[in-house]
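Structure file query_1.pdb (PDB, C-alpha atoms, pLDDT in the B column) is printed below.
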ATOM      1  CA  MET P 138      84.450  13.115-113.721  1.00 48.00           C
ATOM      2  CA  THR P 139      88.208  13.505-113.997  1.00 62.00           C
ATOM      3  CA  LYS P 140      88.609   9.716-114.043  1.00 57.00           C
ATOM      4  CA  MET P 141      86.175   9.424-116.978  1.00 59.00           C
ATOM      5  CA  ILE P 142      88.102  12.063-118.934  1.00 56.00           C
ATOM      6  CA  VAL P 143      91.385  10.217-118.377  1.00 49.00           C
ATOM      7  CA  ILE P 144      89.791   6.945-119.522  1.00 56.00           C
ATOM      8  CA  ALA P 145      88.336   8.639-122.616  1.00 51.00           C
ATOM      9  CA  ILE P 146      91.706  10.161-123.505  1.00 54.00           C
ATOM     10  CA  ALA P 147      93.393   6.774-123.021  1.00 53.00           C
ATOM     11  CA  VAL P 148      90.848   5.120-125.326  1.00 49.00           C
ATOM     12  CA  ILE P 149      91.350   7.812-127.981  1.00 59.00           C
ATOM     13  CA  LEU P 150      95.129   7.418-127.788  1.00 56.00           C
ATOM     14  CA  LEU P 151      94.839   3.650-128.033  1.00 58.00           C
ATOM     15  CA  VAL P 152      92.551   3.836-131.080  1.00 53.00           C
ATOM     16  CA  SER P 153      94.825   6.421-132.722  1.00 59.00           C
ATOM     17  CA  THR P 154      97.902   4.274-132.087  1.00 58.00           C
ATOM     18  CA  LEU P 155      96.227   1.179-133.520  1.00 56.00           C
ATOM     19  CA  ALA P 156      95.081   3.153-136.567  1.00 53.00           C
ATOM     20  CA  PHE P 157      98.587   4.528-137.055  1.00 53.00           C
ATOM     21  CA  LEU P 158     100.182   1.097-136.761  1.00 52.00           C
ATOM     22  CA  THR P 159      97.631  -0.369-139.168  1.00 51.00           C
ATOM     23  CA  SER P 160      98.287   2.476-141.639  1.00 49.00           C
ATOM     24  CA  CYS P 161     102.055   1.968-141.415  1.00 48.00           C
ATOM     25  CA  LYS P 162     101.676  -1.754-141.965  1.00 56.00           C
ATOM     26  CA  ALA P 163      99.501  -1.199-145.048  1.00 58.00           C
ATOM     27  CA  GLU P 164     102.141   1.082-146.567  1.00 86.00           C
ATOM     28  CA  ARG P 165     104.928  -1.515-146.565  1.00 92.00           C
ATOM     29  CA  TYR P 166     105.717  -3.624-149.623  1.00 94.00           C
ATOM     30  CA  LYS P 167     107.944  -6.562-150.466  1.00 93.00           C
ATOM     31  CA  VAL P 168     110.804  -7.173-152.859  1.00 95.00           C
ATOM     32  CA  ILE P 169     110.115 -10.618-154.310  1.00 93.00           C
ATOM     33  CA  CYS P 170     113.259 -12.457-155.391  1.00 91.00           C
ATOM     34  CA  THR P 171     114.878 -15.879-155.230  1.00 85.00           C
ATOM     35  CA  GLU P 172     116.007 -16.517-151.662  1.00 79.00           C
ATOM     36  CA  GLY P 173     119.779 -16.383-151.310  1.00 80.00           C
ATOM     37  CA  LEU P 174     120.340 -14.970-154.785  1.00 88.00           C
ATOM     38  CA  PHE P 175     120.265 -11.355-153.552  1.00 91.00           C
ATOM     39  CA  ILE P 176     121.458 -10.214-150.126  1.00 90.00           C
ATOM     40  CA  ASN P 177     120.507  -7.317-147.828  1.00 92.00           C
ATOM     41  CA  VAL P 178     116.826  -7.753-148.792  1.00 93.00           C
ATOM     42  CA  LYS P 179     114.623  -6.545-145.945  1.00 92.00           C
ATOM     43  CA  GLY P 180     111.249  -8.038-145.069  1.00 91.00           C
ATOM     44  CA  SER P 181     109.372  -5.000-146.376  1.00 94.00           C
ATOM     45  CA  TYR P 182     109.796  -1.372-147.428  1.00 95.00           C
ATOM     46  CA  LYS P 183     107.729   1.787-147.348  1.00 93.00           C
ATOM     47  CA  ALA P 184     106.759   3.445-150.612  1.00 93.00           C
ATOM     48  CA  GLY P 185     109.438   6.004-151.504  1.00 93.00           C
ATOM     49  CA  GLN P 186     112.127   4.257-149.453  1.00 94.00           C
ATOM     50  CA  THR P 187     115.489   3.584-151.116  1.00 94.00           C
ATOM     51  CA  VAL P 188     116.057  -0.134-151.657  1.00 95.00           C
ATOM     52  CA  ARG P 189     119.690  -1.237-151.824  1.00 94.00           C
ATOM     53  CA  VAL P 190     120.441  -4.930-152.334  1.00 94.00           C
ATOM     54  CA  TYR P 191     123.459  -6.851-153.580  1.00 93.00           C
ATOM     55  CA  PHE P 192     124.056  -9.677-156.038  1.00 91.00           C
ATOM     56  CA  PRO P 193     127.210 -11.506-154.898  1.00 88.00           C
ATOM     57  CA  MET P 194     126.894 -14.650-157.062  1.00 83.00           C
ATOM     58  CA  VAL P 195     129.247 -13.333-159.740  1.00 83.00           C
ATOM     59  CA  ALA P 196     131.057 -15.801-162.008  1.00 77.00           C
ATOM     60  CA  THR P 197     133.852 -15.067-164.462  1.00 70.00           C
ATOM     61  CA  ASP P 198     133.110 -14.835-168.191  1.00 70.00           C
ATOM     62  CA  THR P 199     129.435 -14.202-167.412  1.00 77.00           C
ATOM     63  CA  ASP P 200     127.263 -11.172-168.136  1.00 78.00           C
ATOM     64  CA  TYR P 201     124.326 -10.380-165.857  1.00 84.00           C
ATOM     65  CA  THR P 202     121.151  -8.450-166.683  1.00 86.00           C
ATOM     66  CA  PHE P 203     118.820  -7.381-163.866  1.00 89.00           C
ATOM     67  CA  TYR P 204     115.073  -6.779-164.158  1.00 91.00           C
ATOM     68  CA  LEU P 205     112.613  -5.037-161.850  1.00 92.00           C
ATOM     69  CA  ASP P 206     109.039  -6.064-162.645  1.00 91.00           C
ATOM     70  CA  GLY P 207     110.249  -7.157-166.082  1.00 87.00           C
ATOM     71  CA  GLU P 208     111.944  -3.838-166.877  1.00 87.00           C
ATOM     72  CA  ARG P 209     115.730  -3.744-167.200  1.00 86.00           C
ATOM     73  CA  ILE P 210     117.498  -1.991-164.318  1.00 89.00           C
ATOM     74  CA  ASN P 211     121.186  -1.112-164.332  1.00 87.00           C
ATOM     75  CA  SER P 212     123.541  -1.926-161.487  1.00 87.00           C
ATOM     76  CA  SER P 213     124.659   1.182-159.602  1.00 85.00           C
ATOM     77  CA  GLY P 214     128.042  -0.245-158.673  1.00 85.00           C
ATOM     78  CA  TYR P 215     130.258  -3.269-158.103  1.00 84.00           C
ATOM     79  CA  SER P 216     132.680  -4.460-155.430  1.00 83.00           C
ATOM     80  CA  ASP P 217     134.646  -7.667-154.985  1.00 78.00           C
ATOM     81  CA  LEU P 218     133.103  -8.087-151.527  1.00 80.00           C
ATOM     82  CA  LYS P 219     129.392  -7.623-152.287  1.00 85.00           C
ATOM     83  CA  GLY P 220     129.185  -8.014-156.045  1.00 88.00           C
ATOM     84  CA  TYR P 221     126.700  -5.874-157.989  1.00 89.00           C
ATOM     85  CA  THR P 222     124.676  -3.188-156.209  1.00 92.00           C
ATOM     86  CA  ILE P 223     121.022  -2.828-157.230  1.00 93.00           C
ATOM     87  CA  GLU P 224     119.362   0.368-156.042  1.00 94.00           C
ATOM     88  CA  PHE P 225     115.887   1.783-156.665  1.00 94.00           C
ATOM     89  CA  THR P 226     113.027   3.677-155.034  1.00 94.00           C
ATOM     90  CA  MET P 227     110.296   1.422-153.677  1.00 94.00           C
ATOM     91  CA  PRO P 228     106.947   1.988-155.419  1.00 94.00           C
ATOM     92  CA  ALA P 229     103.572   1.597-153.721  1.00 93.00           C
ATOM     93  CA  HIS P 230     103.303  -2.109-154.548  1.00 94.00           C
ATOM     94  CA  ASP P 231     105.269  -5.330-154.297  1.00 94.00           C
ATOM     95  CA  VAL P 232     108.035  -5.700-156.900  1.00 95.00           C
ATOM     96  CA  GLU P 233     109.846  -8.669-158.397  1.00 93.00           C
ATOM     97  CA  LEU P 234     113.621  -8.581-158.827  1.00 93.00           C
ATOM     98  CA  THR P 235     115.135 -11.109-161.257  1.00 91.00           C
ATOM     99  CA  VAL P 236     118.408 -11.694-163.078  1.00 89.00           C
ATOM    100  CA  ASP P 237     119.451 -13.297-166.363  1.00 84.00           C
ATOM    101  CA  SER P 238     122.974 -14.551-167.011  1.00 78.00           C
ATOM    102  CA  LYS P 239     124.825 -15.206-170.258  1.00 73.00           C
ATOM    103  CA  ASN P 240     128.263 -16.643-170.917  1.00 67.00           C
ATOM    104  CA  SER P 241     130.167 -13.720-172.403  1.00 60.00           C
ATOM    105  CA  MET P 242     132.595 -16.106-174.110  1.00 57.00           C
ATOM    106  CA  ILE P 243     129.814 -17.334-176.398  1.00 53.00           C
ATOM    107  CA  TYR P 244     129.283 -14.930-179.301  1.00 54.00           C
ATOM    108  CA  THR P 245     125.669 -14.405-180.319  1.00 61.00           C
ATOM    109  CA  PRO P 246     125.100 -12.058-183.283  1.00 68.00           C
ATOM    110  CA  ALA P 247     122.879  -9.117-182.326  1.00 73.00           C
ATOM    111  CA  SER P 248     120.668  -9.612-185.400  1.00 72.00           C
ATOM    112  CA  GLU P 249     120.284 -13.388-185.057  1.00 76.00           C
ATOM    113  CA  GLY P 250     116.699 -14.640-185.230  1.00 78.00           C
ATOM    114  CA  LEU P 251     115.122 -11.308-186.201  1.00 87.00           C
ATOM    115  CA  GLU P 252     112.266 -11.199-188.692  1.00 91.00           C
ATOM    116  CA  PRO P 253     113.088  -9.809-192.161  1.00 93.00           C
ATOM    117  CA  GLY P 254     112.224  -6.128-192.297  1.00 94.00           C
ATOM    118  CA  THR P 255     112.959  -5.503-188.623  1.00 95.00           C
ATOM    119  CA  PRO P 256     114.551  -2.024-188.267  1.00 96.00           C
ATOM    120  CA  LEU P 257     118.066  -2.361-186.867  1.00 96.00           C
ATOM    121  CA  PHE P 258     119.655   1.058-187.271  1.00 97.00           C
ATOM    122  CA  GLY P 259     118.367   4.471-188.271  1.00 96.00           C
ATOM    123  CA  TYR P 260     120.159   7.745-188.874  1.00 97.00           C
ATOM    124  CA  VAL P 261     118.416  11.023-189.697  1.00 95.00           C
ATOM    125  CA  ASN P 262     120.076  14.392-190.311  1.00 94.00           C
ATOM    126  CA  SER P 263     117.419  17.093-190.663  1.00 91.00           C
ATOM    127  CA  VAL P 264     118.531  20.644-191.468  1.00 86.00           C
ATOM    128  CA  SER P 265     116.307  23.729-191.369  1.00 78.00           C
ATOM    129  CA  THR P 266     116.693  26.040-194.376  1.00 69.00           C
ATOM    130  CA  ALA P 267     114.849  29.039-195.789  1.00 66.00           C
ATOM    131  CA  MET P 268     113.100  26.641-198.174  1.00 70.00           C
ATOM    132  CA  GLY P 269     112.068  24.232-195.419  1.00 70.00           C
ATOM    133  CA  ASN P 270     113.636  21.125-193.929  1.00 79.00           C
ATOM    134  CA  GLU P 271     116.148  18.985-195.795  1.00 85.00           C
ATOM    135  CA  SER P 272     116.616  15.427-194.587  1.00 90.00           C
ATOM    136  CA  TYR P 273     119.243  12.750-195.138  1.00 94.00           C
ATOM    137  CA  GLU P 274     118.446   9.276-193.812  1.00 96.00           C
ATOM    138  CA  ILE P 275     120.007   5.849-193.466  1.00 96.00           C
ATOM    139  CA  SER P 276     117.811   2.854-192.682  1.00 97.00           C
ATOM    140  CA  VAL P 277     119.177  -0.633-191.988  1.00 97.00           C
ATOM    141  CA  THR P 278     116.825  -3.621-191.713  1.00 96.00           C
ATOM    142  CA  ALA P 279     117.123  -7.382-191.277  1.00 94.00           C
ATOM    143  CA  THR P 280     116.745  -9.673-194.287  1.00 94.00           C
ATOM    144  CA  ASP P 281     116.185 -13.375-194.948  1.00 92.00           C
ATOM    145  CA  ILE P 282     119.591 -13.487-196.665  1.00 91.00           C
ATOM    146  CA  GLU P 283     122.217 -15.065-194.428  1.00 86.00           C
ATOM    147  CA  HIS P 284     124.794 -12.657-192.982  1.00 88.00           C
ATOM    148  CA  SER P 285     123.265  -9.703-194.882  1.00 92.00           C
ATOM    149  CA  HIS P 286     121.308  -6.566-194.025  1.00 95.00           C
ATOM    150  CA  LEU P 287     119.495  -4.129-196.277  1.00 96.00           C
ATOM    151  CA  MET P 288     120.693  -0.518-196.071  1.00 97.00           C
ATOM    152  CA  THR P 289     118.573   2.154-197.737  1.00 96.00           C
ATOM    153  CA  VAL P 290     119.871   5.704-198.136  1.00 96.00           C
ATOM    154  CA  TYR P 291     117.428   8.584-198.642  1.00 95.00           C
ATOM    155  CA  ASN P 292     119.099  11.707-200.049  1.00 93.00           C
ATOM    156  CA  GLU P 293     118.110  15.355-199.622  1.00 88.00           C
ATOM    157  CA  ASP P 294     116.994  15.552-203.270  1.00 87.00           C
ATOM    158  CA  GLY P 295     114.463  12.729-202.813  1.00 88.00           C
ATOM    159  CA  SER P 296     116.538  10.017-204.503  1.00 92.00           C
ATOM    160  CA  LYS P 297     117.457   6.786-202.749  1.00 93.00           C
ATOM    161  CA  GLN P 298     119.844   3.860-203.060  1.00 95.00           C
ATOM    162  CA  ALA P 299     119.629   0.365-201.608  1.00 96.00           C
ATOM    163  CA  TYR P 300     122.647  -1.697-200.564  1.00 96.00           C
ATOM    164  CA  LEU P 301     122.957  -5.303-199.419  1.00 95.00           C
ATOM    165  CA  ILE P 302     125.646  -5.103-196.764  1.00 94.00           C
ATOM    166  CA  PRO P 303     127.254  -7.559-194.308  1.00 92.00           C
ATOM    167  CA  VAL P 304     126.138  -7.706-190.679  1.00 91.00           C
ATOM    168  CA  PHE P 305     129.455  -6.400-189.319  1.00 89.00           C
ATOM    169  CA  PRO P 306     128.657  -2.647-189.167  1.00 91.00           C
ATOM    170  CA  TYR P 307     125.449  -3.234-187.228  1.00 93.00           C
ATOM    171  CA  GLU P 308     127.154  -5.691-184.850  1.00 90.00           C
ATOM    172  CA  SER P 309     129.903  -3.114-184.216  1.00 88.00           C
ATOM    173  CA  VAL P 310     127.398  -0.351-183.507  1.00 91.00           C
ATOM    174  CA  VAL P 311     125.484  -2.536-181.036  1.00 90.00           C
ATOM    175  CA  ASN P 312     128.698  -3.447-179.236  1.00 86.00           C
ATOM    176  CA  TYR P 313     129.684   0.234-179.020  1.00 88.00           C
ATOM    177  CA  ALA P 314     126.224   1.239-177.758  1.00 89.00           C
ATOM    178  CA  GLN P 315     126.324  -1.363-174.995  1.00 86.00           C
ATOM    179  CA  THR P 316     129.898  -0.825-173.839  1.00 84.00           C
ATOM    180  CA  THR P 317     129.558   2.973-173.721  1.00 85.00           C
ATOM    181  CA  ASP P 318     125.957   2.994-172.390  1.00 88.00           C
ATOM    182  CA  LEU P 319     124.584   5.274-175.105  1.00 90.00           C
ATOM    183  CA  ALA P 320     121.117   5.012-173.557  1.00 90.00           C
ATOM    184  CA  SER P 321     122.355   7.137-170.629  1.00 91.00           C
ATOM    185  CA  TRP P 322     122.183  10.208-172.904  1.00 92.00           C
ATOM    186  CA  ASN P 323     118.472  10.357-172.145  1.00 90.00           C
ATOM    187  CA  GLU P 324     119.178  10.630-168.403  1.00 89.00           C
ATOM    188  CA  LEU P 325     121.635  13.533-168.600  1.00 88.00           C
ATOM    189  CA  GLU P 326     120.819  16.533-166.425  1.00 88.00           C
ATOM    190  CA  ASP P 327     123.528  18.702-167.986  1.00 89.00           C
ATOM    191  CA  TYR P 328     123.668  18.315-171.746  1.00 90.00           C
ATOM    192  CA  GLU P 329     124.371  20.085-175.020  1.00 90.00           C
ATOM    193  CA  CYS P 330     122.105  20.679-178.004  1.00 89.00           C
ATOM    194  CA  ILE P 331     122.447  22.430-181.352  1.00 85.00           C
ATOM    195  CA  ASP P 332     120.211  24.813-183.299  1.00 83.00           C
ATOM    196  CA  GLY P 333     119.276  24.699-186.957  1.00 82.00           C
ATOM    197  CA  LYS P 334     119.544  20.942-187.382  1.00 87.00           C
ATOM    198  CA  LYS P 335     118.849  17.686-185.631  1.00 92.00           C
ATOM    199  CA  ILE P 336     120.747  14.429-185.931  1.00 94.00           C
ATOM    200  CA  SER P 337     119.094  11.371-184.435  1.00 95.00           C
ATOM    201  CA  VAL P 338     120.111   7.723-184.235  1.00 96.00           C
ATOM    202  CA  SER P 339     118.090   4.638-183.371  1.00 96.00           C
ATOM    203  CA  ILE P 340     119.734   1.282-182.585  1.00 96.00           C
ATOM    204  CA  LEU P 341     118.035  -2.028-181.793  1.00 94.00           C
ATOM    205  CA  CYS P 342     119.840  -3.548-178.780  1.00 90.00           C
ATOM    206  CA  ASP P 343     118.611  -6.686-177.020  1.00 85.00           C
ATOM    207  CA  GLY P 344     115.062  -6.229-178.281  1.00 87.00           C
ATOM    208  CA  GLU P 345     114.802  -2.550-177.305  1.00 91.00           C
ATOM    209  CA  TYR P 346     115.596   0.618-179.229  1.00 94.00           C
ATOM    210  CA  ILE P 347     118.149   3.132-178.035  1.00 94.00           C
ATOM    211  CA  ASN P 348     117.143   6.561-179.366  1.00 96.00           C
ATOM    212  CA  ILE P 349     119.599   9.430-179.035  1.00 95.00           C
ATOM    213  CA  SER P 350     119.969  12.792-180.751  1.00 94.00           C
ATOM    214  CA  THR P 351     121.648  16.185-180.783  1.00 93.00           C
ATOM    215  CA  ASP P 352     118.716  17.523-178.740  1.00 92.00           C
ATOM    216  CA  GLN P 353     120.231  15.948-175.611  1.00 92.00           C
ATOM    217  CA  MET P 354     123.854  14.844-175.782  1.00 92.00           C
ATOM    218  CA  PRO P 355     127.092  14.982-173.783  1.00 90.00           C
ATOM    219  CA  GLU P 356     130.021  17.144-174.824  1.00 88.00           C
ATOM    220  CA  GLY P 357     131.334  15.819-178.145  1.00 86.00           C
ATOM    221  CA  GLY P 358     128.100  13.945-178.786  1.00 89.00           C
ATOM    222  CA  GLU P 359     127.863  15.082-182.412  1.00 90.00           C
ATOM    223  CA  HIS P 360     131.181  13.373-183.136  1.00 91.00           C
ATOM    224  CA  ILE P 361     129.856  10.149-181.614  1.00 91.00           C
ATOM    225  CA  LEU P 362     126.795  10.279-183.878  1.00 93.00           C
ATOM    226  CA  ALA P 363     129.089  10.785-186.867  1.00 91.00           C
ATOM    227  CA  TYR P 364     131.174   7.826-185.720  1.00 91.00           C
ATOM    228  CA  LEU P 365     128.079   5.596-185.597  1.00 93.00           C
ATOM    229  CA  LYS P 366     127.122   6.679-189.106  1.00 93.00           C
ATOM    230  CA  SER P 367     130.634   5.983-190.418  1.00 91.00           C
ATOM    231  CA  HIS P 368     130.206   2.255-189.792  1.00 91.00           C
ATOM    232  CA  PHE P 369     127.754   2.188-192.690  1.00 94.00           C
ATOM    233  CA  THR P 370     129.091   4.798-195.104  1.00 90.00           C
ATOM    234  CA  ASP P 371     132.029   2.516-195.940  1.00 86.00           C
ATOM    235  CA  TYR P 372     129.523   0.202-197.641  1.00 92.00           C
ATOM    236  CA  MET P 373     127.915   2.858-199.833  1.00 93.00           C
ATOM    237  CA  THR P 374     129.734   1.604-202.928  1.00 92.00           C
ATOM    238  CA  GLU P 375     128.777  -0.056-206.182  1.00 91.00           C
ATOM    239  CA  ASP P 376     129.965  -3.398-204.820  1.00 90.00           C
ATOM    240  CA  TYR P 377     126.975  -3.491-202.451  1.00 93.00           C
ATOM    241  CA  LEU P 378     124.442  -1.546-204.557  1.00 93.00           C
ATOM    242  CA  THR P 379     121.252  -3.524-205.321  1.00 88.00           C
ATOM    243  CA  GLN P 380     119.194  -0.994-207.271  1.00 63.00           C
TER     244      GLN P 380
END
Write-out of the structure in structure tokens:
Amino acid sequence: MTKMIVIAIAVILLVSTLAFLTSCKAERYKVICTEGLFINVKGSYKAGQTVRVYFPMVATDTDYTFYLDGERINSSGYSDLKGYTIEFTMPAHDVELTVDSKNSMIYTPASEGLEPGTPLFGYVNSVSTAMGNESYEISVTATDIEHSHLMTVYNEDGSKQAYLIPVFPYESVVNYAQTTDLASWNELEDYECIDGKKISVSILCDGEYINISTDQMPEGGEHILAYLKSHFTDYMTEDYLTQ
């Protein structure tokens, strides 16, 4: 009788172990990438595990953009030994890690190839008053006129003006947004906000919009928003007025 109990327990333990091993195997997923392009890539990962890989194939005068399942992912660091560090939490499925490279010495205008009417830059200053909300807006869109954008200004009194302006202010704003990582405002854990008004800015960068506002900004963020606006106010003159 005792021998039968021992055998039964052994069978139960064996079945449980096999079930556990099968379960563990089913919970592991792969990072799919070009072999040799990234290093420190393990054969598989569990869901929720931190993945940390490196991109050492770094060339001078070249910008690199990394994508995880088609969505842009920022590098978490760089070293001369390992190159760029890519770090993320493994989801419950296989993922694909890719990279695009661009020669940074070749200048490509940010608005090149965009359809006329495509929104490029937006600025809205909405103030709460006893009579309701007052809003001042700037809208910049692409045109079919070479080296020109359309800037429309909507005033608090309901009037508006349209200006045909050069591409330079938009190009400058895009460059500033990229070099200072304006999109990181939306990831701040400690941030400032203001009451009674809201200033928001939208910028088209590399096919995606960066949307930031005074609802979530770093210290001095309101001055940065004013700085972005100032790129366009210099062109609010009769020389550029169209109507």
Find the residue from P:Leu378, P:Leu174, P:Gly250, P:Glu324 that sits nearest to P:Leu287; use all atoms listed in the file when measuring.
P:Leu378
Could you check how far atom CA of P:Ala229 sits from atom CA of P:Leu325, in Å to one decimal?
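Spanning atom CA of P:Ala229 to atom CA of P:Leu325 is a straight-line distance of 26.3 Å.
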If you measure from atom CA of P:Ser248 to atom CA of P:Phe305, what distance in Å do you get, rounded to one decimal?
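A separation of 10.1 Å between them.
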Since I can't run it myself right now, could you work out what the PyMOL selection byres ((chain P and resi 293) around 8) selects here and report it as a list in words?
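Expected selection for the PyMOL selection byres ((chain P and resi 293) around 8) here is Glu271, Ser272, Tyr273, Tyr291, Asn292, Asp294, Gly295 and Ser296 of chain P.
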Atom CA of P:Val195 to atom CA of P:Pro228, straight-line distance in Å:
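Between atom CA of P:Pro228 and atom CA of P:Val195 the gap is 27.4 Å.
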